Amino acid sequence: MEKTEIIIEQLTQGPVVKEEIPFETEKIPILIHGKEILKFALLCAMGIFWGKAEMLHILRPMGIAYISLFFGEGVLFWGALVSVGIGCLVDMPLKAGAVLAAACAIQLTLGRFVDREEMLKKALLGAFAMGLSGVFYAISKGGLTFYFAVAAVESVLVVGLSLLAQRGMIFLWDKRRIPVPSREETLGLVFLLGGAMAGLSAVEMPYLQQGLLPCLLAYFLAACAWRDGMGGGAAAGLLFGLLLYLCGGVDLLFFTVLGVSGLMAGCLKDMGRFTLVLVLIITPLLFLFYTDASLVAPLWAGGWALGACAFLITPKKCLVWMTGSFWEQEGSKDKYIRKKELLEERLLGFSQAFTALAKTFVHQEDGQEKKDVSKLVDKIAERACQGCGMAHYCWNEELYRTYSMTFSALSYCEGKGKVTMNQMPESFRQMCARGDSFVDTVNQVYDGYRRDRIWVGRLAECRELVSQQMTAVSDILAGLSGQLEVGYIFLEQAGQLIKDECAKEGIRLRDVRVLEEKNRYGRQVQISIRGCGCRGVCKSKLLPLIKRTMDRPMVLKEPNICHCQKDGVCTLCFMEVPSFHLTAATAFSSAQENQPVGDTTAFLETEKGMALMAVSDGMGQGSGAAEESRTAIELLEQFTEAGFERDLAVKMINSALLLRKGEETYATLDICAVDLFDGRAEFIKLGAVSSYISRGGRVLTVTSHTLPAGILQQVQIVKNEMLLKDGDMIFLLTDGITEVLGGENLTAGWLRDKLEKFPLSNPQDAAEYILKEAQKELKNGQKDDMTVLVGRFWKKRKGA
């Protein structure tokens, strides 16, 4: 017999880019009046100061990093180039001129191939321009190694600075219905402002360094703290402080002051703007007063207070326009996450409530039996000996002997059902004047006690059953709370590629989303197109284009339906076709004629490319076993089609079988789930016998030792994973087959011998052949139901 073969193969995937649901963006080749003019003016002003900034008194990467944000942006690029040139040409004309010339050359040659979302490409182009100018400058200085090292460091810094600032710049120039910046975009905007203020600190004018700079710092720090609270205020303060410190605008103490001030202001965000501004003014003054009072210059303090007060009197509409209406209107993603978390909390709360309720039904009976027996003796003495002249002697002077005798009489009742006068001690029969009455009383009291114990036992069983039911419901609710996560990611680059290819064909798409389930294959393409008019454009043009662009076999999810909305927009969904296929067939026979088979089988394929084979064997034979196995399989099918994870589905099936009846009922479960995209098979067994895989003349065994569903409250789930190969055949059997073959250990060899004699590729023929051959092995008649479920796995041919 061959042992189980566990096969692990590494499957590679291309890089996956996660994204939030994107808004439509487009390049702006020319400026538009109004808000865009103000943005362009802000762009030029920031460019001047970015070009002026110098890091660590020797490095000048900030100017070209700022220019790299606008590669491929037309007028925006030239505006940034001119403004940065104004800021940096005065200080280092040779090196700055070389950088600007390299940036112009890149814009005129490679810039037209750069899209707005290609942040890394822009950063690398900026680093290339910085490296070229650095090499030129080093050669002009005699080729010293020091200047070459400076050029390399500046190129690396350009990549980092550009990537940090690009999200903020993209947000400024995107056209959105709701201008709500994400947290990454907010940090990008803060970084842009911080770079501009770092350049402002390099301007050697007292009123700018000591007056305007703290004013701007206080204003924007207050805005960030009010928008995002403690986290936003602290992050903004640290970013501003870091950039100013690296560019020599402040020392290390002021860097700490800015971070602490933003943190404290954000803590009091919910108390209103006045409290926030008051704390923002007091915090740095107190901090500096106790650390180094000489740094509290009147001009600096006045500028800081002026900026905070300016934020206080700024109308709320202006703040919303500048920072986005984040606190008034949540983004769809944030709203979903918050609702999901609240729903999970409620489900977990319900689960805990049912767990607590289950504990109330647990009956504690420690020591209760001894107390009940003592009460019986007291009751017998009260009924039989009341008014007897010997009562005082028997129950006081001879207490130990009387109690022992009474316990002995009750023991006879426990074993024989009743006690007679002849079974009592000789001393009792000679001395007791009411012997017959005493014996009758013992029998009567014990009969009442026995009836009470029977009812108490039944009530205890009912309580235990209710407790198990409550615990099972609690487990179901707890499991459901973990099933609310949407397991899809959005592939940004693939969506943009489809959009570009459609544009080349003259098809203008309104929206494109390419989705892929986490940790799985199988992509979906969701497209919104205007102007289809239900003319079948989706089938005649889009489907071949999607296939060619995705380089995967794709089909239209609903080929006969065109979802046209009232506004003329058609919504389509394309799905990837799995690379593999699985067909299954069943053969079975009943233990007795004219009796239903107690085994139930199932086979289904889901839209996500998952095929599932399952067999359930109910306890016993006949209609009762058939009902239990049918219940388990029907629940498995419903949970699978609803999208539940198999672990949770198995746990809920186990709980459902526990809840069905008070009597003991159970059913085995043998599940084989196959991913038709990559061929991975997952076997889950609850009390089921081994499964077998026929592959190229070998038979592989998959074994798991577990209990059936419906026995224990907590079910143990053991998984076996294997990678199927083209042509494999999967055999799921019930114990009616393996028992007649001598057990699971001998079944693998028996299957191998039978399949070598008659190699079969049709699952139905294989199932009927195996069942027929197994029936020939019967001895002394058939004793159990027999069921064979066979699945054949193969790779689809191209064009199929």
# chains A, B, ... in the order shown; residues from 1 in each chain; ligands from 1
$ residues_around --residues "Ile770 in chain A" --least-positions-apart "5" --cutoff "8 Å" --atoms "only C-alpha atoms" --output "PyMOL selection string"
chain A and resi 751+754+788
$ residues_around --residues "Tyr446 in chain A" --least-positions-apart "5" --cutoff "12 Å" --atoms "only C-alpha atoms" --output "ChimeraX atom specification"
/A:372-373,375-377,379-380,406-407,409-419,439-441,451-453
$ closest_residue --among "A:Phe438, A:Ala478, A:Leu459, A:Ile454" --to "Ser351 in chain A" --atoms "only C-alpha atoms"
A:Ala478
$ residues_around --residues "Gln764 in chain A" --least-positions-apart "3" --cutoff "12 Å" --atoms "only C-alpha atoms" --output "PyMOL selection string"
chain A and resi 583-588+729+731+760-761+767-771+788-792
$ atom_distance --atom1 "CA of Asp678 in chain A" --atom2 "CA of Ile546 in chain A"
21.4 Å
$ residues_around --residues "range 694-707 of chain A" --least-positions-apart "3" --cutoff "10 Å" --atoms "only C-alpha atoms" --output "PyMOL selection string"
chain A and resi 1-6+666-669+683-691+710-712+715-722+724-731+744-745+747-753+755-756+759+792
$ select_by_dssp --residues "range 564-770 of chain A" --states "helix (DSSP H, G or I)" --output "PyMOL selection string"
chain A and resi 622-641+646-660+735-740+744-757+763-770
$ residues_around --residues "range 200-212 of chain A" --least-positions-apart "2" --cutoff "7 Å" --atoms "only C-alpha atoms" --output "list of chain:residue names"
A:Phe49, A:Lys52, A:Ala53, A:Ala196, A:Met197, A:Ala198, A:Pro214, A:Cys215, A:Leu216, A:Gly249, A:Leu299, A:Trp300, A:Gly303
$ write_last_selection --atoms "C-alpha atoms" --output "PDB file, in the first residue's frame"
ATOM      1  CA  PHE A  49      10.799  77.764  -1.944  1.00  0.00           C
ATOM      2  CA  LYS A  52      15.603  77.463  -2.375  1.00  0.00           C
ATOM      3  CA  ALA A  53      15.796  74.634   0.220  1.00  0.00           C
ATOM      4  CA  ALA A 196       7.918  75.093   1.000  1.00  0.00           C
ATOM      5  CA  MET A 197       8.343  76.330   4.581  1.00  0.00           C
ATOM      6  CA  ALA A 198      11.786  74.695   4.746  1.00  0.00           C
ATOM      7  CA  PRO A 214       5.867  80.580  12.586  1.00  0.00           C
ATOM      8  CA  CYS A 215       2.593  82.125  11.444  1.00  0.00           C
ATOM      9  CA  LEU A 216       2.261  79.614   8.592  1.00  0.00           C
ATOM     10  CA  GLY A 249      15.423  76.219   9.697  1.00  0.00           C
ATOM     11  CA  LEU A 299       8.656  88.228  17.030  1.00  0.00           C
ATOM     12  CA  TRP A 300       8.479  84.423  16.820  1.00  0.00           C
ATOM     13  CA  GLY A 303       3.878  85.206  14.530  1.00  0.00           C
TER      14      GLY A 303
END
$ closest_residue --among "A:Ser474, A:Gln775, A:Thr571, A:Ser437" --to "Arg510 in chain A" --atoms "only C-alpha atoms"
A:Thr571
$ select_by_dssp --residues "range 531-711 of chain A" --states "strand (DSSP E or B)" --output "number ranges by chain"
A: 554-556, 563-564, 569-576, 580-589, 599-605, 610-618, 667, 669-675, 680-686, 691-695, 698-702, 709
$ residues_around --residues "Ile737 in chain A" --least-positions-apart "3" --cutoff "9 Å" --atoms "only C-alpha atoms" --output "PyMOL selection string"
chain A and resi 733-734+740-741+743+747+771+774-775+784-788
